[in-house]
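Content type mmCIF, C-alpha atoms, from the file model.cif:
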```
data_final
loop_
_atom_site.label_atom_id
_atom_site.label_comp_id
_atom_site.auth_asym_id
_atom_site.auth_seq_id
_atom_site.Cartn_x
_atom_site.Cartn_y
_atom_site.Cartn_z
CA MET V 188 91.71 48.88 46.68
CA THR V 189 89.07 46.97 48.61
CA ALA V 190 89.46 48.78 51.92
CA ASP V 191 89.26 52.50 52.54
CA HIS V 192 92.27 54.45 53.71
CA PRO V 193 91.53 55.37 57.36
CA SER V 194 90.93 58.98 58.29
CA VAL V 195 93.80 60.20 60.46
CA PRO V 196 95.49 63.47 61.36
CA THR V 197 97.29 64.61 58.25
CA GLY V 198 100.44 65.86 59.94
CA GLU V 199 102.79 67.79 57.67
CA SER V 200 101.80 68.36 54.05
CA ALA V 201 104.19 68.24 51.13
CA GLY V 202 104.47 71.99 51.51
CA GLY V 203 105.91 71.84 55.06
CA VAL V 204 109.22 70.17 55.87
CA PRO V 205 110.56 70.14 59.44
CA GLU V 206 114.14 69.38 60.44
CA GLN V 207 116.52 67.49 58.17
CA TYR V 208 115.45 64.63 55.93
CA GLU V 209 118.27 62.40 57.03
CA SER V 210 117.04 62.60 60.63
CA ILE V 211 114.00 60.58 59.61
CA LEU V 212 115.84 57.45 60.73
CA LEU V 213 117.04 56.20 64.04
CA ASP V 214 120.61 55.20 64.68
CA GLU V 215 119.76 51.51 64.58
CA PRO V 216 121.07 48.63 62.45
CA THR V 217 117.57 48.11 60.99
CA THR V 218 117.45 51.64 59.58
CA ALA V 219 121.09 52.49 59.08
CA ASP V 220 120.96 51.68 55.37
CA LEU V 221 118.16 54.23 54.87
CA ARG V 222 120.26 56.95 56.47
CA ALA V 223 123.09 55.83 54.22
CA LYS V 224 120.87 56.27 51.16
CA VAL V 225 120.27 59.92 52.04
CA THR V 226 123.98 60.46 52.66
CA GLU V 227 124.78 58.84 49.32
CA ALA V 228 122.27 61.13 47.58
CA TRP V 229 124.22 64.13 48.88
CA ARG V 230 127.49 62.57 47.74
CA GLU V 231 126.06 61.98 44.27
CA PHE V 232 124.88 65.59 44.16
CA ALA V 233 128.33 66.87 45.19
CA ARG V 234 130.08 64.67 42.61
CA ALA V 235 127.76 65.80 39.83
CA LEU V 236 128.14 69.44 40.87
CA ALA V 237 131.94 69.16 40.86
CA ASP V 238 131.88 67.63 37.38
CA ARG V 239 129.68 70.44 36.03
CA LEU V 240 131.78 73.19 37.64
CA ARG V 241 134.93 71.85 35.96
CA ASP V 242 133.40 71.99 32.48
CA LEU V 243 131.31 75.19 32.50
CA PRO V 244 132.39 77.93 30.09
CA ALA V 245 133.33 81.41 31.26
CA GLY V 246 130.30 83.60 31.88
CA THR V 247 128.11 80.77 33.18
CA HIS V 248 125.88 81.56 36.16
CA LEU V 249 124.53 78.77 38.39
CA GLU V 250 121.93 79.18 41.11
CA LEU V 251 121.09 76.53 43.71
CA THR V 252 118.03 77.18 45.86
CA LEU V 253 116.20 75.36 48.62
CA ASP V 254 112.69 75.22 47.13
CA PRO V 255 110.62 77.43 49.49
CA THR V 256 107.32 75.98 48.27
CA ALA V 257 108.40 72.47 49.23
CA SER V 258 110.44 73.23 52.34
CA GLY V 259 108.00 75.48 54.17
CA THR V 260 110.43 78.40 54.44
CA GLY V 261 107.85 80.87 53.17
CA ASP V 262 109.40 84.15 52.05
CA ALA V 263 112.87 83.04 53.11
CA VAL V 264 114.94 82.04 50.08
CA TYR V 265 118.12 80.14 50.89
CA SER V 266 120.26 80.15 47.77
CA ILE V 267 123.84 79.90 46.55
CA SER V 268 125.19 81.15 43.23
CA VAL V 269 128.37 80.37 41.33
CA ASP V 270 129.80 82.48 38.51
CA VAL V 271 132.48 81.15 36.19
CA GLY V 272 135.02 83.84 35.44
CA GLU V 273 137.95 84.14 33.12
CA GLU V 274 141.17 82.20 33.65
CA GLY V 275 139.40 79.36 35.45
CA ARG V 276 138.08 81.24 38.47
CA LEU V 277 134.89 80.35 40.35
CA SER V 278 133.07 82.92 42.49
CA ALA V 279 130.49 81.54 44.92
CA ARG V 280 128.02 83.67 46.88
CA ALA V 281 125.65 82.49 49.62
CA VAL V 282 122.65 84.33 51.02
CA GLY V 283 123.19 86.19 54.29
CA ASN V 284 120.94 87.65 56.94
CA ALA V 285 120.52 90.97 55.15
CA THR V 286 118.08 89.40 52.70
CA LEU V 287 116.43 86.89 55.06
CA PRO V 288 113.22 87.79 56.93
CA GLN V 289 112.93 87.78 60.72
CA GLY V 290 112.60 84.27 62.08
CA TYR V 291 114.67 82.74 59.27
CA ARG V 292 117.99 84.48 59.79
CA LEU V 293 121.16 82.58 60.64
CA ASP V 294 122.02 82.57 64.31
CA ARG V 295 125.55 82.94 65.64
CA ALA V 296 126.19 79.22 65.52
CA ALA V 297 125.09 79.03 61.87
CA VAL V 298 127.28 81.99 60.93
CA ALA V 299 130.19 80.28 62.68
CA ASP V 300 129.47 77.13 60.68
CA MET V 301 129.59 79.16 57.46
CA ILE V 302 133.00 80.53 58.39
CA ALA V 303 134.23 77.07 59.37
CA LEU V 304 133.17 75.74 55.96
CA GLY V 305 135.36 78.35 54.26
CA TRP V 306 133.00 81.24 53.55
CA SER V 307 134.10 84.81 54.16
CA PRO V 308 131.61 87.08 55.94
CA PRO V 309 129.45 89.38 53.79
CA GLY V 310 131.44 92.21 52.25
CA VAL V 311 134.87 90.71 52.87
CA VAL V 312 135.35 89.17 49.43
CA GLU V 313 135.33 91.80 46.72
CA GLY V 314 131.91 92.04 45.10
CA SER V 315 130.15 89.86 47.69
CA GLY V 316 128.09 92.74 49.08
CA GLU V 317 125.54 91.39 51.59
CA GLN V 318 126.36 87.77 50.80
CA PHE V 319 128.94 85.32 52.07
CA GLY V 320 131.77 84.98 49.56
CA LEU V 321 134.13 82.24 48.43
CA ASP V 322 136.44 82.46 45.39
CA CYS V 323 138.63 79.64 44.15
CA ALA V 324 140.27 78.15 41.07
CA VAL V 325 138.37 75.71 38.87
CA ASP V 326 140.79 72.94 39.83
CA GLU V 327 139.29 73.23 43.34
CA ALA V 328 135.83 72.36 42.00
CA ALA V 329 135.55 69.23 44.13
CA ARG V 330 136.25 71.16 47.33
CA LEU V 331 133.84 73.92 46.36
CA ALA V 332 131.11 71.39 45.53
CA ALA V 333 131.58 69.81 48.96
CA VAL V 334 131.33 73.22 50.66
CA LEU V 335 128.17 74.11 48.73
CA SER V 336 126.58 70.76 49.57
CA ARG V 337 127.42 71.08 53.28
CA THR V 338 126.09 74.65 53.32
CA LEU V 339 122.78 73.71 51.74
CA ARG V 340 122.36 70.63 53.93
CA ASP V 341 123.83 71.59 57.31
CA VAL V 342 123.36 75.37 57.47
CA TYR V 343 120.36 76.11 55.25
CA GLY V 344 118.63 72.87 56.26
CA ALA V 345 117.95 71.27 52.87
CA PRO V 346 116.54 67.86 53.86
CA HIS V 347 117.65 66.07 50.67
CA PRO V 348 119.01 67.09 47.25
CA ALA V 349 115.52 66.48 45.83
CA PHE V 350 114.44 69.64 47.67
CA LEU V 351 116.91 71.74 45.65
CA VAL V 352 116.15 73.51 42.40
CA TYR V 353 118.86 74.79 40.10
CA LEU V 354 119.07 77.27 37.24
CA MET V 355 122.02 77.62 34.90
CA HIS V 356 122.49 80.13 32.08
CA ASP V 357 125.27 81.56 29.94
CA ALA V 358 126.63 85.10 29.78
CA GLU V 359 123.71 86.15 27.55
CA GLY V 360 121.14 84.78 30.00
CA GLU V 361 120.24 81.81 27.81
CA PRO V 362 119.54 78.53 29.69
CA LEU V 363 122.31 75.95 29.42
CA PRO V 364 121.42 72.28 28.88
CA VAL V 365 123.31 70.25 31.47
CA GLU V 366 123.25 66.77 32.89
CA PRO V 367 121.14 66.51 36.09
CA LEU V 368 122.77 67.45 39.39
CA GLY V 369 121.99 64.19 41.14
CA THR V 370 118.40 64.26 42.38
CA ALA V 371 118.22 68.06 42.40
CA ARG V 372 115.59 69.49 40.08
CA SER V 373 115.83 72.08 37.38
CA GLU V 374 113.73 75.14 38.16
CA PHE V 375 110.04 74.26 38.75
CA GLY V 376 110.49 70.56 38.10
CA PRO V 377 112.58 67.43 38.72
CA GLY V 378 114.22 67.77 35.32
CA ARG V 379 114.10 69.90 32.23
CA ASP V 380 112.35 67.24 30.12
CA VAL V 381 109.76 66.38 32.80
CA GLU V 382 109.05 70.06 33.37
CA ALA V 383 108.45 70.68 29.67
CA ASP V 384 106.33 67.54 29.32
CA LEU V 385 104.24 68.48 32.34
CA ASP V 386 103.63 72.04 31.17
CA GLU V 387 102.62 70.76 27.75
CA ALA V 388 100.34 68.06 29.17
CA LEU V 389 98.59 70.42 31.59
CA ALA V 390 98.13 73.03 28.87
CA ALA V 391 96.68 70.46 26.48
CA ALA V 392 94.28 69.14 29.12
CA ALA V 393 93.16 72.65 30.02
CA THR V 394 92.57 73.45 26.35
CA ALA V 395 90.49 70.31 25.94
CA GLN V 396 88.24 71.49 28.77
CA ALA V 397 88.09 75.10 27.63
CA GLY V 398 84.57 74.66 26.30
CA GLY V 399 83.39 73.63 29.76
CA ASN V 400 85.08 74.36 33.03
CA ASP V 401 87.69 77.10 32.96
CA VAL V 402 89.68 75.39 35.70
CA LEU V 403 91.12 71.96 35.09
CA ALA V 404 89.58 69.53 37.57
CA LEU V 405 91.92 68.52 40.39
CA GLU V 406 91.55 64.83 39.57
CA GLU V 407 92.56 65.43 35.96
CA ARG V 408 95.53 67.54 36.98
CA VAL V 409 96.68 64.84 39.40
CA ARG V 410 96.44 62.15 36.72
CA THR V 411 98.37 64.37 34.32
CA VAL V 412 101.16 64.94 36.86
CA VAL V 413 101.48 61.25 37.78
CA SER V 414 101.36 60.02 34.18
CA THR V 415 104.02 62.57 33.20
CA MET V 416 106.26 61.38 36.04
CA LEU V 417 105.76 57.77 34.92
CA LYS V 418 106.28 58.76 31.26
CA SER V 419 102.95 57.31 30.21
CA ASN V 420 99.55 58.56 29.13
CA ALA V 421 96.87 59.41 31.68
CA ASP V 422 94.59 56.71 30.26
CA GLN V 423 97.33 54.11 30.85
CA LEU V 424 97.48 54.65 34.61
CA GLN V 425 96.45 51.76 36.84
CA ILE V 426 93.30 52.97 38.61
CA ASP V 427 91.37 50.72 41.00
CA SER V 428 87.66 50.59 41.80
CA ASP V 429 88.05 53.33 44.40
CA GLY V 430 89.49 55.68 41.80
CA ASP V 431 92.99 55.52 43.35
CA ILE V 432 96.04 55.62 41.11
CA ASN V 433 98.23 52.56 41.79
CA ILE V 434 102.03 52.80 41.61
CA ARG V 435 104.19 49.78 42.38
CA SER V 436 107.51 50.48 44.12
CA GLY V 437 109.48 47.31 44.73
CA SER V 438 107.64 45.25 47.37
CA ALA V 439 105.35 48.19 48.22
CA MET V 440 102.29 49.71 46.57
CA VAL V 441 101.68 53.46 46.59
CA PHE V 442 98.21 54.93 46.04
CA VAL V 443 97.29 58.44 44.98
CA ARG V 444 93.77 59.49 45.98
CA VAL V 445 91.95 62.75 45.28
CA ARG V 446 89.53 63.96 47.96
CA ASP V 447 86.88 66.59 47.33
CA ASN V 448 86.03 68.07 50.73
CA PRO V 449 88.40 69.57 51.58
CA PRO V 450 90.36 69.43 48.31
CA LEU V 451 93.27 67.12 49.09
CA VAL V 452 95.55 64.68 47.32
CA ASP V 453 96.62 61.82 49.57
CA VAL V 454 99.72 59.83 48.61
CA PHE V 455 99.70 56.76 50.85
CA SER V 456 100.87 53.19 51.18
CA PRO V 457 99.88 50.17 53.28
CA VAL V 458 103.42 49.47 54.40
CA LEU V 459 102.52 46.28 56.29
CA THR V 460 99.32 44.28 56.74
CA GLU V 461 98.56 41.45 59.18
CA VAL V 462 100.88 42.96 61.76
CA GLU V 463 100.24 42.75 65.50
CA PRO V 464 99.65 46.27 66.92
CA THR V 465 101.94 46.13 69.95
CA GLU V 466 103.18 48.97 72.12
CA ARG V 467 106.65 48.45 70.70
CA LEU V 468 105.28 48.96 67.18
CA TYR V 469 103.48 52.18 68.18
CA VAL V 470 106.67 53.51 69.78
CA LYS V 471 108.67 52.72 66.64
CA LEU V 472 106.13 54.42 64.35
CA SER V 473 105.99 57.47 66.59
CA GLU V 474 109.78 57.78 66.62
CA LEU V 475 110.01 57.44 62.85
CA THR V 476 107.17 59.90 62.26
CA ASN V 477 108.84 62.53 64.43
CA ARG V 478 111.88 62.27 62.17
CA MET V 479 110.05 62.24 58.84
CA PRO V 480 110.37 65.36 56.67
CA ILE V 481 106.80 65.13 55.42
CA GLY V 482 103.88 62.82 56.12
CA ARG V 483 103.12 60.36 58.85
CA LEU V 484 103.33 56.68 59.82
CA TYR V 485 100.56 55.11 61.88
CA CYS V 486 98.80 51.82 62.59
CA ALA V 487 95.06 51.26 62.06
CA ASP V 488 93.74 47.84 63.07
CA ASP V 489 96.48 45.51 61.81
CA THR V 490 97.86 47.68 58.98
CA VAL V 491 100.76 50.12 59.09
CA TRP V 492 100.15 53.10 56.81
CA ALA V 493 102.41 55.82 55.45
CA SER V 494 100.70 58.98 54.23
CA ILE V 495 101.75 62.29 52.66
CA PRO V 496 98.89 64.74 52.02
CA VAL V 497 99.17 67.48 49.40
CA PHE V 498 96.84 70.48 49.49
CA GLY V 499 94.30 70.57 46.67
CA ARG V 500 93.60 74.29 46.94
CA ASN V 501 96.13 76.27 44.92
CA PHE V 502 97.42 72.88 43.78
CA GLN V 503 101.14 72.85 42.98
CA PRO V 504 102.32 70.03 40.67
CA THR V 505 105.81 70.16 42.21
CA HIS V 506 104.34 69.34 45.64
CA LEU V 507 102.69 66.19 44.28
CA MET V 508 105.86 65.23 42.41
CA LEU V 509 107.82 65.54 45.64
CA ALA V 510 105.28 63.52 47.62
CA VAL V 511 105.28 60.69 45.07
CA GLN V 512 109.07 60.66 44.88
CA VAL V 513 109.44 60.50 48.65
CA MET V 514 106.70 57.91 49.17
CA THR V 515 107.80 55.49 46.44
CA GLY V 516 111.30 55.39 47.93
CA LEU V 517 110.24 55.42 51.56
CA ALA V 518 107.55 52.75 51.39
CA ASP V 519 109.76 50.25 49.57
CA GLU V 520 112.48 50.65 52.19
CA LEU V 521 110.32 50.83 55.31
CA ASP V 522 108.20 47.78 54.52
CA ASP V 523 111.38 45.67 54.44
CA ARG V 524 112.77 47.16 57.65
CA LEU V 525 109.53 46.96 59.61
CA HIS V 526 108.73 43.50 58.29
CA GLY V 527 112.09 42.25 59.51
CA GLU V 528 111.36 43.58 62.99
CA PHE V 529 107.59 43.11 63.37
CA GLY V 530 106.55 40.48 60.83
CA GLY V 531 103.31 40.92 58.93
CA ARG V 532 102.90 41.04 55.17
CA ARG V 533 104.31 43.40 52.61
CA PHE V 534 102.02 44.26 49.73
CA PHE V 535 104.01 42.22 47.22
CA GLY V 536 105.62 39.89 49.76
CA GLU V 537 103.84 36.71 48.72
CA ALA V 538 106.07 34.56 50.89
CA ASP V 539 105.61 36.70 54.01
CA LYS V 540 104.09 35.00 57.02
CA PRO V 541 101.47 36.70 59.19
CA SER V 542 102.62 37.46 62.70
CA ARG V 543 99.42 36.22 64.36
CA ALA V 544 96.02 34.71 63.73
CA GLN V 545 93.80 37.18 61.91
CA PRO V 546 90.50 38.58 63.25
CA GLU V 547 87.32 38.32 61.22
CA HIS V 548 87.53 41.95 60.08
CA ARG V 549 90.70 43.85 59.36
CA THR V 550 91.87 46.85 57.39
CA GLY V 551 94.12 46.15 54.43
CA MET V 552 93.00 42.88 52.81
CA TYR V 553 95.22 43.40 49.80
CA LEU V 554 96.97 40.11 49.14
#
```
As structure tokens, the full file:
Amino acid sequence: MTADHPSVPTGESAGGVPEQYESILLDEPTTADLRAKVTEAWREFARALADRLRDLPAGTHLELTLDPTASGTGDAVYSISVDVGEEGRLSARAVGNATLPQGYRLDRAAVADMIALGWSPPGVVEGSGEQFGLDCAVDEAARLAAVLSRTLRDVYGAPHPAFLVYLMHDAEGEPLPVEPLGTARSEFGPGRDVEADLDEALAAAATAQAGGNDVLALEERVRTVVSTMLKSNADQLQIDSDGDINIRSGSAMVFVRVRDNPPLVDVFSPVLTEVEPTERLYVKLSELTNRMPIGRLYCADDTVWASIPVFGRNFQPTHLMLAVQVMTGLADELDDRLHGEFGGRRFFGEADKPSRAQPEHRTGMYL
């Protein structure tokens, strides 16, 4: 990059997720397709879940959990489990207020929603104890998958299937290899292979530094995480003169920058350059930001930026993975939508026309 990323309020980090992800978008024609993409992600998750439930052997245990480290729910763990019994029976259990801390318990409306979805109150279904219960036959797997998806999304507040982690094991407690459940992630990672690769890569890098620093430098850990996600080697990453990792996503470019003081990893993108900073633009960015699950949209000079900061202290690789996943999808969609409404230039929009004559100095001279 030739221009520095402006210093702005960081807003929510990748460890704090307000509201629902699908509410990021306004009910407008220019953003309706983005809302549809989130809805389709939930449909894909439900379809994949239904397929897995139909084929699981007796004794299988499945857990679906809203990742508390990524969703900002702290000690509150919102989870659902499914056990596959004999003779094609499925027993689902969903967390209730008895195990949720104060401030995170379901209110009366949420409990009513659970009942409306088909759950029985805690203790009603045999063996449910302090959890909501729902038993059904395996040939009702599609209906059960829809109920579980609606519960996680509408009652527990999962913003997107990417915020879910799942764990599946057999009757002996051994992990079961299964096809991914849409964009949901296996425990501690977006997928079993990526998780294993990341653990191995971080361990190898730490071993290589064992003769020097006991703690792997944040910059090295970040490069290891990103290269593992991109299925490449750390030395093959595209790194510019500012030390930022460059990731192309359609017509957008995403940068990953490590800051020292305070320790911070900034995942950001110049969504549009050469755009006229009008009041209408500021209103649009403010409305979109208020509906974003993580990060912030803002305009500095004549460039619209999207930014998701990840804390460097107690660095969590899953937080960076989530930030990169969200930003690479979001930037590529938003630059098209905002360009259609406000003009300007997308990073890789060579044919884009500037919306006005340019001043002598501007932020974001990328093209």
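With the shown file loaded, the PyMOL selection byres ((chain V and resi 315) around 12) picks out Ile267, Ser268, Val269, Asp270, Ser278, Ala279, Arg280, Ala281, Val282, Gly283, Trp306, Ser307, Pro308, Pro309, Gly310, Val311, Val312, Glu313, Gly314, Gly316, Glu317, Gln318, Phe319, Gly320, Leu321 and Asp322 of chain V.
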Figure out the distance between CA of Leu509 in chain V and CA of Thr286 in chain V, please, to one decimal in Å.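 Computing it gives 26.9 Å between the two atoms.
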Quick one: apply the PyMOL selection byres ((chain V and resi 229) around 12) to the file and drop the selected residues here as JSON, numbers by chain. {"V": [208, 209, 222, 223, 224, 225, 226, 227, 228, 230, 231, 232, 233, 234, 235, 236, 332, 333, 334, 335, 336, 337, 338, 339, 340, 341, 345, 346, 347, 348, 349, 350, 351, 368, 369, 370, 371]}
Would you list the contacts of His248 in chain V as a ChimeraX atom specification, taking every protein, DNA or RNA residue within 9 Å and counting all atoms listed in the file, but skipping same-chain residues closer than 5 positions in sequence? /V:268-271,354-358,360
Env of range 430-445 of chain V: 6 Å cut, atoms = only C-alpha atoms, seq-sep filter 6 positions within chain, self excluded. Answer as a list in words.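 Listing them by chain and then by number gives Leu451, Val452, Asp453, Val454, Phe455, Ser456, Thr515, Ala518, Asp519, Phe534 and Phe535 of chain V.
Shortest atom-to-atom contact with Glu359 in chain V among V:Gly246, V:Arg446, V:Phe529, V:Asn420: V:Gly246, counting all atoms listed in the file.
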Enter the distance from CA of Val409 in chain V to CA of Pro449 in chain V, in Å, rounded to one decimal.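 Computed distance, CA of Val409 in chain V to CA of Pro449 in chain V, equals 15.5 Å.
Put simply, the PyMOL selection byres ((chain V and resi 324) around 10) in this file takes in Arg241, Val271, Gly272, Glu274, Gly275, Arg276, Leu277, Ser278, Asp322, Cys323, Val325, Asp326, Glu327, Ala328 and Leu331 of chain V.
Minimum atom-to-atom distance to Cys486 in chain V, evaluated using only C-alpha atoms, belongs to V:Pro464 out of V:Pro464, V:Gly531, V:Gly290, V:Pro450.
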Could you check how far CA of Glu463 in chain V sits from CA of Asp489 in chain V, in Å to one decimal?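 If I compute the distance from CA of Glu463 in chain V to CA of Asp489 in chain V, I get 5.9 Å.
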Point out the residue among V:Glu273, V:Asp522, V:Asp447, V:Glu407 with the least atom-to-atom distance to Pro504 in chain V, counting all atoms listed in the file.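 Distance minimum relative to Pro504 in chain V lands on V:Glu407.
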